[in-house]
Amino acid sequence: MSVCFDTYPGYTGPLNVAGSTAVVKTKGTDSLKVIFDLKGVEAECTDCGLHIHTGTTCATADEVGGHYWDSSVVEDQWLASFGAVYNADEDGEAKGNFKIVTGYGYEDNLGHAVVIHASDGTRIGCGVLSKGKGSKRGCGKAPTKLEACVSTFDAYTGELTDVKGRVKVKFDKDGGSALKFKANLKNADADCETCGIHIHTGTSCEDASAQGGHYWTPTESTDPWTTAGGAIYTSNSKGKGKAKFELDAGTTIDDNTGKVVVVHDSEGNRYACGVLSTEKAKGCLK
């Protein structure tokens, strides 16, 4: 997993950590290694905090949450006493790594927010963990596209057991909320004319409860993730499906990173799901 940092929501100080990176590696739930390459942090910051948090977005400060660890397994190790720190030079740059145990493995940490602190504990930077190391290459460049591989989720008990698909969501370069949505599906519900495909509030595909409902912030008064809003796919008799539409859900690319895309059948049942990421979705249709 890797992460690109940007300014922490609501932080108005002089520090600018945008473009900094961190890579997180795990070995089961026993060991977590954080490798960081930071710029724009507080000069000569000694034993300053770098932690994974409970939140799955950096959209607002309230959603970032506190330290993320399994209290039933270990005590909180996101502390200086356990080495969860960075040390910056006189130019406000820091490189290094540390290892801790949090009780959580790779999949658990995926999609969670990582926070950089100043010497007084102020939160100055935030980013969301995504798969692989690819986000490192894009640090400093504002992403405009999210992608996801979708597939039949485990809790689904219907007949569509081998669904595969790739979703691409492109946002305006100006950081606005208007988006262009595209999807290609294989083995989907056949002969669908106006079947739903939507971004939901959840960050996990485990089941319908974890997926949540439609994700939107009212810019007017109606949910755009509807048939009337154009949020649909069509499929042929062999289950080959396509979606292509534009809408504005009032949410930005940062808001949608880590959220799930849910695919519905002709009766509205949920049967396929995937998590949006800034990483390129590969091998989705194989």
# chains A, B, ... in the order shown; residues from 1 in each chain; ligands from 1
>>> select_by_dssp(residues="segment 59-282 of chain A", states="alpha helix (DSSP H)", output="list of chain:residue names")
A:Ala61, A:Asp62, A:Glu63, A:Val64, A:Tyr106, A:Glu107, A:Asp108, A:Asn109, A:Gly134, A:Ser135, A:Lys136, A:Arg137, A:Ala208, A:Ser209, A:Ala210, A:Gln211, A:Ile253, A:Asp254, A:Asp255, A:Asn256
>>> write_last_selection(atoms="N, CA and C atoms", output="JSON list (two decimals), in the first residue's frame")
[["chain", "number", "residue", "atom", "x", "y", "z"],
["A", 61, "ALA", "N", -12.00, 17.01, 8.84],
["A", 61, "ALA", "CA", -11.26, 16.61, 10.04],
["A", 61, "ALA", "C", -12.04, 15.63, 10.91],
["A", 62, "ASP", "N", -13.35, 15.81, 10.97],
["A", 62, "ASP", "CA", -14.18, 14.95, 11.80],
["A", 62, "ASP", "C", -14.18, 13.50, 11.34],
["A", 63, "GLU", "N", -13.91, 13.27, 10.06],
["A", 63, "GLU", "CA", -13.98, 11.92, 9.50],
["A", 63, "GLU", "C", -12.66, 11.16, 9.58],
["A", 64, "VAL", "N", -11.58, 11.83, 9.95],
["A", 64, "VAL", "CA", -10.26, 11.17, 9.98],
["A", 64, "VAL", "C", -10.12, 10.24, 11.18],
["A", 106, "TYR", "N", -2.98, -6.30, 5.94],
["A", 106, "TYR", "CA", -3.03, -5.51, 4.71],
["A", 106, "TYR", "C", -4.44, -5.03, 4.40],
["A", 107, "GLU", "N", -5.39, -5.95, 4.25],
["A", 107, "GLU", "CA", -6.75, -5.59, 3.84],
["A", 107, "GLU", "C", -7.42, -4.68, 4.86],
["A", 108, "ASP", "N", -7.08, -4.87, 6.14],
["A", 108, "ASP", "CA", -7.68, -4.04, 7.18],
["A", 108, "ASP", "C", -7.26, -2.58, 7.03],
["A", 109, "ASN", "N", -5.98, -2.36, 6.71],
["A", 109, "ASN", "CA", -5.44, -1.00, 6.63],
["A", 109, "ASN", "C", -5.77, -0.30, 5.32],
["A", 134, "GLY", "N", 1.86, 2.42, -6.57],
["A", 134, "GLY", "CA", 1.62, 3.31, -7.69],
["A", 134, "GLY", "C", 1.32, 4.74, -7.31],
["A", 135, "SER", "N", 0.70, 4.96, -6.16],
["A", 135, "SER", "CA", 0.36, 6.32, -5.78],
["A", 135, "SER", "C", 1.60, 7.16, -5.53],
["A", 136, "LYS", "N", 2.73, 6.52, -5.22],
["A", 136, "LYS", "CA", 3.97, 7.27, -5.05],
["A", 136, "LYS", "C", 4.33, 8.04, -6.30],
["A", 137, "ARG", "N", 4.11, 7.42, -7.47],
["A", 137, "ARG", "CA", 4.51, 8.03, -8.73],
["A", 137, "ARG", "C", 3.67, 9.26, -9.04],
["A", 208, "ALA", "N", -24.31, -5.85, 2.16],
["A", 208, "ALA", "CA", -25.09, -4.66, 1.86],
["A", 208, "ALA", "C", -24.98, -3.61, 2.95],
["A", 209, "SER", "N", -24.88, -4.05, 4.20],
["A", 209, "SER", "CA", -24.77, -3.11, 5.30],
["A", 209, "SER", "C", -23.46, -2.33, 5.24],
["A", 210, "ALA", "N", -22.38, -3.02, 4.92],
["A", 210, "ALA", "CA", -21.07, -2.38, 4.82],
["A", 210, "ALA", "C", -20.98, -1.45, 3.61],
["A", 211, "GLN", "N", -21.78, -1.73, 2.59],
["A", 211, "GLN", "CA", -21.75, -0.93, 1.37],
["A", 211, "GLN", "C", -22.49, 0.40, 1.52],
["A", 253, "ILE", "N", -13.19, 14.04, -5.89],
["A", 253, "ILE", "CA", -12.40, 12.82, -6.03],
["A", 253, "ILE", "C", -11.87, 12.35, -4.68],
["A", 254, "ASP", "N", -11.46, 13.29, -3.82],
["A", 254, "ASP", "CA", -10.95, 12.90, -2.50],
["A", 254, "ASP", "C", -12.05, 12.26, -1.66],
["A", 255, "ASP", "N", -13.26, 12.81, -1.76],
["A", 255, "ASP", "CA", -14.38, 12.24, -1.02],
["A", 255, "ASP", "C", -14.67, 10.81, -1.44],
["A", 256, "ASN", "N", -14.55, 10.54, -2.76],
["A", 256, "ASN", "CA", -14.93, 9.24, -3.31],
["A", 256, "ASN", "C", -13.85, 8.17, -3.23]]
>>> atom_distance(atom1="atom CA of Ala118 of chain A", atom2="atom CA of Gly83 of chain A")
15.5 Å
>>> residues_around(residues="Lys173 of chain A", least_positions_apart="4", cutoff="10 Å", atoms="only C-alpha atoms", output="list in words")
Ala142, Pro143, Thr144, Lys145, Ser177, Ala178 and Ile253 of chain A
>>> closest_residue(among="A:Val262, A:Val73, A:Ala190, A:Ala148", to="Asp30 of chain A", atoms="only C-alpha atoms")
A:Val73
>>> residues_around(residues="Ser130 of chain A", least_positions_apart="4", cutoff="7 Å", atoms="only C-alpha atoms", output="PDB file with all heavy atoms, in the first residue's frame")
ATOM      1  N   MET A   1       0.836  -1.193   0.000  1.00  0.00           N
ATOM      2  CA  MET A   1       0.000   0.000   0.000  1.00  0.00           C
ATOM      3  C   MET A   1       0.871   1.244   0.000  1.00  0.00           C
ATOM      4  O   MET A   1       1.975   1.240   0.539  1.00  0.00           O
ATOM      5  CB  MET A   1      -0.883   0.041   1.249  1.00  0.00           C
ATOM      6  CG  MET A   1      -1.894  -1.059   1.348  1.00  0.00           C
ATOM      7  SD  MET A   1      -2.747  -1.034   2.946  1.00  0.00           S
ATOM      8  CE  MET A   1      -1.453  -1.685   4.017  1.00  0.00           C
ATOM      9  N   SER A   2       0.353   2.313  -0.581  1.00  0.00           N
ATOM     10  CA  SER A   2       1.076   3.579  -0.545  1.00  0.00           C
ATOM     11  C   SER A   2       0.095   4.727  -0.421  1.00  0.00           C
ATOM     12  O   SER A   2      -1.111   4.564  -0.612  1.00  0.00           O
ATOM     13  CB  SER A   2       1.949   3.741  -1.794  1.00  0.00           C
ATOM     14  OG  SER A   2       1.152   3.758  -2.966  1.00  0.00           O
ATOM     15  N   VAL A   3       0.630   5.894  -0.113  1.00  0.00           N
ATOM     16  CA  VAL A   3      -0.231   7.051   0.107  1.00  0.00           C
ATOM     17  C   VAL A   3       0.510   8.317  -0.307  1.00  0.00           C
ATOM     18  O   VAL A   3       1.718   8.425  -0.128  1.00  0.00           O
ATOM     19  CB  VAL A   3      -0.645   7.140   1.597  1.00  0.00           C
ATOM     20  CG1 VAL A   3       0.550   7.248   2.513  1.00  0.00           C
ATOM     21  CG2 VAL A   3      -1.608   8.298   1.830  1.00  0.00           C
ATOM     22  N   LEU A 110      -6.054  -1.062   4.285  1.00  0.00           N
ATOM     23  CA  LEU A 110      -6.337  -0.496   2.974  1.00  0.00           C
ATOM     24  C   LEU A 110      -7.509   0.480   3.041  1.00  0.00           C
ATOM     25  O   LEU A 110      -8.552   0.172   3.604  1.00  0.00           O
ATOM     26  CB  LEU A 110      -6.657  -1.628   1.986  1.00  0.00           C
ATOM     27  CG  LEU A 110      -6.829  -1.243   0.520  1.00  0.00           C
ATOM     28  CD1 LEU A 110      -5.534  -0.661  -0.027  1.00  0.00           C
ATOM     29  CD2 LEU A 110      -7.235  -2.466  -0.292  1.00  0.00           C
ATOM     30  N   GLY A 111      -7.319   1.671   2.472  1.00  0.00           N
ATOM     31  CA  GLY A 111      -8.389   2.667   2.450  1.00  0.00           C
ATOM     32  C   GLY A 111      -8.453   3.552   3.679  1.00  0.00           C
ATOM     33  O   GLY A 111      -9.309   4.444   3.756  1.00  0.00           O
ATOM     34  N   SER A 277     -10.209   3.482  -6.162  1.00  0.00           N
ATOM     35  CA  SER A 277      -8.845   3.831  -5.784  1.00  0.00           C
ATOM     36  C   SER A 277      -8.219   4.682  -6.883  1.00  0.00           C
ATOM     37  O   SER A 277      -8.662   4.659  -8.030  1.00  0.00           O
ATOM     38  CB  SER A 277      -8.013   2.557  -5.575  1.00  0.00           C
ATOM     39  OG  SER A 277      -6.633   2.851  -5.473  1.00  0.00           O
ATOM     40  N   GLU A 279      -5.366   4.004  -7.874  1.00  0.00           N
ATOM     41  CA  GLU A 279      -4.568   3.015  -8.599  1.00  0.00           C
ATOM     42  C   GLU A 279      -5.305   2.574  -9.868  1.00  0.00           C
ATOM     43  O   GLU A 279      -6.538   2.518  -9.910  1.00  0.00           O
ATOM     44  CB  GLU A 279      -4.321   1.787  -7.723  1.00  0.00           C
ATOM     45  CG  GLU A 279      -3.450   2.051  -6.515  1.00  0.00           C
ATOM     46  CD  GLU A 279      -2.018   2.340  -6.902  1.00  0.00           C
ATOM     47  OE1 GLU A 279      -1.439   1.574  -7.700  1.00  0.00           O
ATOM     48  OE2 GLU A 279      -1.472   3.337  -6.413  1.00  0.00           O
TER      49      GLU A 279
END
>>> residues_around(residues="Asp248 of chain A", least_positions_apart="3", cutoff="9 Å", atoms="only C-alpha atoms", output="PDB file with N, CA, C and O atoms, in the first residue's frame")
ATOM      1  N   SER A 177     -16.955  18.629  -8.450  1.00  0.00           N
ATOM      2  CA  SER A 177     -17.681  17.394  -8.151  1.00  0.00           C
ATOM      3  C   SER A 177     -18.334  16.749  -9.374  1.00  0.00           C
ATOM      4  O   SER A 177     -18.887  15.662  -9.262  1.00  0.00           O
ATOM      5  N   ALA A 178     -18.289  17.403 -10.524  1.00  0.00           N
ATOM      6  CA  ALA A 178     -18.847  16.806 -11.736  1.00  0.00           C
ATOM      7  C   ALA A 178     -17.997  15.598 -12.128  1.00  0.00           C
ATOM      8  O   ALA A 178     -16.760  15.637 -12.065  1.00  0.00           O
ATOM      9  N   LEU A 179     -18.644  14.498 -12.518  1.00  0.00           N
ATOM     10  CA  LEU A 179     -17.897  13.290 -12.850  1.00  0.00           C
ATOM     11  C   LEU A 179     -18.431  12.623 -14.111  1.00  0.00           C
ATOM     12  O   LEU A 179     -19.591  12.788 -14.483  1.00  0.00           O
ATOM     13  N   LYS A 180     -17.531  11.866 -14.739  1.00  0.00           N
ATOM     14  CA  LYS A 180     -17.881  11.022 -15.872  1.00  0.00           C
ATOM     15  C   LYS A 180     -17.657   9.573 -15.455  1.00  0.00           C
ATOM     16  O   LYS A 180     -16.573   9.225 -15.006  1.00  0.00           O
ATOM     17  N   TRP A 216     -23.848  10.865  -1.949  1.00  0.00           N
ATOM     18  CA  TRP A 216     -24.042  12.173  -2.577  1.00  0.00           C
ATOM     19  C   TRP A 216     -24.226  13.225  -1.492  1.00  0.00           C
ATOM     20  O   TRP A 216     -24.651  12.945  -0.382  1.00  0.00           O
ATOM     21  N   THR A 219     -26.670  18.981  -3.743  1.00  0.00           N
ATOM     22  CA  THR A 219     -26.396  20.281  -4.350  1.00  0.00           C
ATOM     23  C   THR A 219     -27.721  20.894  -4.778  1.00  0.00           C
ATOM     24  O   THR A 219     -27.822  22.092  -4.971  1.00  0.00           O
ATOM     25  N   PRO A 224     -28.783  11.945  -7.272  1.00  0.00           N
ATOM     26  CA  PRO A 224     -28.518  11.746  -8.699  1.00  0.00           C
ATOM     27  C   PRO A 224     -28.264  10.294  -9.087  1.00  0.00           C
ATOM     28  O   PRO A 224     -28.288   9.961 -10.276  1.00  0.00           O
ATOM     29  N   THR A 251     -19.779  15.595  -4.572  1.00  0.00           N
ATOM     30  CA  THR A 251     -18.609  15.074  -3.863  1.00  0.00           C
ATOM     31  C   THR A 251     -17.406  15.062  -4.800  1.00  0.00           C
ATOM     32  O   THR A 251     -17.546  14.821  -5.996  1.00  0.00           O
TER      33      THR A 251
END
>>> residues_around(residues="segment 228-230 of chain A", least_positions_apart="5", cutoff="12 Å", atoms="only C-alpha atoms", output="mmCIF file with N, CA and C atoms, in the first residue's frame")
data_model
loop_
_atom_site.group_PDB
_atom_site.id
_atom_site.type_symbol
_atom_site.label_atom_id
_atom_site.label_comp_id
_atom_site.auth_asym_id
_atom_site.auth_seq_id
_atom_site.Cartn_x
_atom_site.Cartn_y
_atom_site.Cartn_z
ATOM 1 N N LYS A 180 -17.531 11.866 -14.739
ATOM 2 C CA LYS A 180 -17.881 11.022 -15.872
ATOM 3 C C LYS A 180 -17.657 9.573 -15.455
ATOM 4 N N PHE A 181 -18.662 8.756 -15.602
ATOM 5 C CA PHE A 181 -18.657 7.371 -15.099
ATOM 6 C C PHE A 181 -18.708 6.409 -16.273
ATOM 7 N N LYS A 182 -17.773 5.444 -16.283
ATOM 8 C CA LYS A 182 -17.766 4.409 -17.312
ATOM 9 C C LYS A 182 -17.575 3.048 -16.654
ATOM 10 N N GLU A 193 -31.839 -3.180 -19.158
ATOM 11 C CA GLU A 193 -31.969 -1.939 -19.910
ATOM 12 C C GLU A 193 -31.685 -0.715 -19.047
ATOM 13 N N THR A 194 -32.126 -0.761 -17.811
ATOM 14 C CA THR A 194 -31.899 0.379 -16.906
ATOM 15 C C THR A 194 -31.515 -0.118 -15.513
ATOM 16 N N CYS A 195 -30.520 -0.999 -15.467
ATOM 17 C CA CYS A 195 -30.066 -1.522 -14.179
ATOM 18 C C CYS A 195 -29.106 -0.539 -13.522
ATOM 19 N N GLY A 196 -29.152 -0.469 -12.194
ATOM 20 C CA GLY A 196 -28.393 0.534 -11.463
ATOM 21 C C GLY A 196 -26.938 0.178 -11.222
ATOM 22 N N ILE A 197 -26.095 1.192 -11.300
ATOM 23 C CA ILE A 197 -24.685 1.078 -10.902
ATOM 24 C C ILE A 197 -24.322 2.413 -10.251
ATOM 25 N N HIS A 198 -23.921 2.354 -8.984
ATOM 26 C CA HIS A 198 -23.811 3.570 -8.177
ATOM 27 C C HIS A 198 -22.579 3.556 -7.276
ATOM 28 N N THR A 222 -32.322 16.315 -4.940
ATOM 29 C CA THR A 222 -32.568 14.933 -5.334
ATOM 30 C C THR A 222 -31.281 14.136 -5.452
ATOM 31 N N ASP A 223 -31.361 12.863 -5.141
ATOM 32 C CA ASP A 223 -30.264 11.912 -5.280
ATOM 33 C C ASP A 223 -30.020 11.676 -6.772
ATOM 34 N N ALA A 243 -21.735 0.898 -19.120
ATOM 35 C CA ALA A 243 -22.320 2.112 -18.547
ATOM 36 C C ALA A 243 -21.494 3.300 -18.975
ATOM 37 N N LYS A 244 -22.168 4.389 -19.288
ATOM 38 C CA LYS A 244 -21.480 5.631 -19.627
ATOM 39 C C LYS A 244 -22.440 6.775 -19.357
ATOM 40 N N PHE A 245 -22.135 7.570 -18.328
ATOM 41 C CA PHE A 245 -23.008 8.693 -17.998
ATOM 42 C C PHE A 245 -22.219 9.753 -17.233
ATOM 43 N N GLU A 246 -22.822 10.911 -17.108
ATOM 44 C CA GLU A 246 -22.241 12.020 -16.362
ATOM 45 C C GLU A 246 -23.247 12.503 -15.328
ATOM 46 N N LEU A 247 -22.728 12.893 -14.164
ATOM 47 C CA LEU A 247 -23.597 13.474 -13.139
ATOM 48 C C LEU A 247 -22.765 14.271 -12.150
ATOM 49 N N ASP A 248 -23.445 14.933 -11.250
ATOM 50 C CA ASP A 248 -22.789 15.688 -10.180
ATOM 51 C C ASP A 248 -23.432 15.288 -8.861
ATOM 52 N N ALA A 249 -22.662 14.556 -8.042
ATOM 53 C CA ALA A 249 -23.179 14.096 -6.749
ATOM 54 C C ALA A 249 -22.762 15.013 -5.610
#
>>> atom_distance(atom1="atom CA of Glu159 of chain A", atom2="atom CA of Asp189 of chain A")
9.2 Å
>>> closest_residue(among="A:His67, A:His112, A:Lys33, A:Lys131", to="Phe98 of chain A", atoms="only C-alpha atoms")
A:Lys33
>>> residues_around(residues="Asp6 of chain A", least_positions_apart="4", cutoff="9 Å", atoms="only C-alpha atoms", output="PyMOL selection string")
chain A and resi 16-20+58+124-127+140
>>> write_last_selection(atoms="N, CA, C and O atoms", output="tab-separated table (two decimals), in the first residue's frame")
chain	number	residue	atom	x	y	z
A	16	ASN	N	3.60	22.74	4.24
A	16	ASN	CA	2.97	22.18	3.05
A	16	ASN	C	3.57	20.82	2.74
A	16	ASN	O	4.64	20.72	2.15
A	17	VAL	N	2.88	19.76	3.12
A	17	VAL	CA	3.41	18.40	2.95
A	17	VAL	C	2.92	17.75	1.67
A	17	VAL	O	3.17	16.57	1.43
A	18	ALA	N	2.21	18.48	0.82
A	18	ALA	CA	1.70	17.92	-0.43
A	18	ALA	C	2.84	17.31	-1.24
A	18	ALA	O	3.90	17.91	-1.40
A	19	GLY	N	2.62	16.11	-1.76
A	19	GLY	CA	3.64	15.44	-2.56
A	19	GLY	C	4.48	14.46	-1.77
A	19	GLY	O	5.21	13.67	-2.35
A	20	SER	N	4.39	14.49	-0.45
A	20	SER	CA	5.12	13.53	0.37
A	20	SER	C	4.47	12.16	0.25
A	20	SER	O	3.30	12.03	-0.10
A	58	CYS	N	-9.99	11.88	3.93
A	58	CYS	CA	-9.38	13.10	4.45
A	58	CYS	C	-10.24	14.30	4.09
A	58	CYS	O	-9.76	15.44	4.09
A	124	ILE	N	-0.99	18.03	10.25
A	124	ILE	CA	-0.63	18.91	9.13
A	124	ILE	C	-0.78	18.26	7.77
A	124	ILE	O	-0.82	18.94	6.75
A	125	GLY	N	-0.84	16.93	7.73
A	125	GLY	CA	-0.96	16.24	6.46
A	125	GLY	C	-1.83	15.01	6.56
A	125	GLY	O	-1.96	14.41	7.63
A	126	CYS	N	-2.47	14.65	5.44
A	126	CYS	CA	-3.37	13.50	5.44
A	126	CYS	C	-3.42	12.89	4.04
A	126	CYS	O	-3.34	13.59	3.03
A	127	GLY	N	-3.56	11.57	3.98
A	127	GLY	CA	-3.72	10.85	2.72
A	127	GLY	C	-4.36	9.51	2.99
A	127	GLY	O	-4.36	9.03	4.12
A	140	GLY	N	2.19	14.77	-5.74
A	140	GLY	CA	2.44	16.12	-6.24
A	140	GLY	C	1.56	16.45	-7.43
A	140	GLY	O	1.45	17.60	-7.82
>>> closest_residue(among="A:Val260, A:Gly103, A:Tyr271, A:Ser119", to="Leu146 of chain A", atoms="only C-alpha atoms")
A:Val260
>>> decode(residues="segment 107-130 of chain A", atoms="N, CA, C and O atoms", output="tab-separated table (two decimals), in the first residue's frame")
chain	number	residue	atom	x	y	z
A	107	GLU	N	-5.39	-5.95	4.25
A	107	GLU	CA	-6.75	-5.59	3.84
A	107	GLU	C	-7.42	-4.68	4.86
A	107	GLU	O	-8.24	-3.83	4.51
A	108	ASP	N	-7.08	-4.87	6.14
A	108	ASP	CA	-7.68	-4.04	7.18
A	108	ASP	C	-7.26	-2.58	7.03
A	108	ASP	O	-8.06	-1.66	7.23
A	109	ASN	N	-5.98	-2.36	6.71
A	109	ASN	CA	-5.44	-1.00	6.63
A	109	ASN	C	-5.77	-0.30	5.32
A	109	ASN	O	-5.78	0.94	5.25
A	110	LEU	N	-6.05	-1.06	4.29
A	110	LEU	CA	-6.34	-0.50	2.97
A	110	LEU	C	-7.51	0.48	3.04
A	110	LEU	O	-8.55	0.17	3.60
A	111	GLY	N	-7.32	1.67	2.47
A	111	GLY	CA	-8.39	2.67	2.45
A	111	GLY	C	-8.45	3.55	3.68
A	111	GLY	O	-9.31	4.44	3.76
A	112	HIS	N	-7.55	3.33	4.63
A	112	HIS	CA	-7.56	4.16	5.84
A	112	HIS	C	-6.68	5.40	5.68
A	112	HIS	O	-5.74	5.42	4.89
A	113	ALA	N	-7.01	6.41	6.44
A	113	ALA	CA	-6.27	7.67	6.40
A	113	ALA	C	-4.96	7.57	7.17
A	113	ALA	O	-4.90	6.92	8.22
A	114	VAL	N	-3.92	8.22	6.64
A	114	VAL	CA	-2.63	8.33	7.32
A	114	VAL	C	-2.41	9.80	7.62
A	114	VAL	O	-2.61	10.66	6.76
A	115	VAL	N	-1.98	10.09	8.84
A	115	VAL	CA	-1.87	11.47	9.30
A	115	VAL	C	-0.44	11.80	9.69
A	115	VAL	O	0.24	11.00	10.36
A	116	ILE	N	0.02	12.98	9.29
A	116	ILE	CA	1.33	13.51	9.70
A	116	ILE	C	1.10	14.61	10.73
A	116	ILE	O	0.26	15.50	10.53
A	117	HIS	N	1.86	14.56	11.83
A	117	HIS	CA	1.73	15.54	12.90
A	117	HIS	C	2.97	16.43	12.97
A	117	HIS	O	4.08	16.01	12.62
A	118	ALA	N	2.79	17.65	13.46
A	118	ALA	CA	3.91	18.54	13.78
A	118	ALA	C	4.39	18.23	15.20
A	118	ALA	O	3.83	17.35	15.88
A	119	SER	N	5.40	18.95	15.67
A	119	SER	CA	5.99	18.66	16.97
A	119	SER	C	5.02	18.88	18.13
A	119	SER	O	5.13	18.24	19.17
A	120	ASP	N	4.05	19.78	17.96
A	120	ASP	CA	3.08	20.03	19.02
A	120	ASP	C	1.84	19.15	18.89
A	120	ASP	O	0.86	19.33	19.62
A	121	GLY	N	1.87	18.20	17.96
A	121	GLY	CA	0.75	17.29	17.77
A	121	GLY	C	-0.25	17.74	16.72
A	121	GLY	O	-1.16	16.97	16.35
A	122	THR	N	-0.09	18.95	16.22
A	122	THR	CA	-1.02	19.45	15.19
A	122	THR	C	-0.99	18.54	13.97
A	122	THR	O	0.07	18.13	13.51
A	123	ARG	N	-2.16	18.24	13.46
A	123	ARG	CA	-2.25	17.42	12.24
A	123	ARG	C	-2.03	18.32	11.02
A	123	ARG	O	-2.80	19.25	10.79
A	124	ILE	N	-0.99	18.03	10.25
A	124	ILE	CA	-0.63	18.91	9.13
A	124	ILE	C	-0.78	18.26	7.77
A	124	ILE	O	-0.82	18.94	6.75
A	125	GLY	N	-0.84	16.93	7.73
A	125	GLY	CA	-0.96	16.24	6.46
A	125	GLY	C	-1.83	15.01	6.56
A	125	GLY	O	-1.96	14.41	7.63
A	126	CYS	N	-2.47	14.65	5.44
A	126	CYS	CA	-3.37	13.50	5.44
A	126	CYS	C	-3.42	12.89	4.04
A	126	CYS	O	-3.34	13.59	3.03
A	127	GLY	N	-3.56	11.57	3.98
A	127	GLY	CA	-3.72	10.85	2.72
A	127	GLY	C	-4.36	9.51	2.99
A	127	GLY	O	-4.36	9.03	4.12
A	128	VAL	N	-4.91	8.87	1.95
A	128	VAL	CA	-5.61	7.60	2.09
A	128	VAL	C	-4.82	6.49	1.42
A	128	VAL	O	-4.40	6.62	0.27
A	129	LEU	N	-4.61	5.39	2.15
A	129	LEU	CA	-3.84	4.26	1.63
A	129	LEU	C	-4.55	3.57	0.49
A	129	LEU	O	-5.74	3.25	0.56
A	130	SER	N	-3.81	3.31	-0.61
A	130	SER	CA	-4.35	2.57	-1.74
A	130	SER	C	-3.41	1.42	-2.08
A	130	SER	O	-2.28	1.35	-1.58
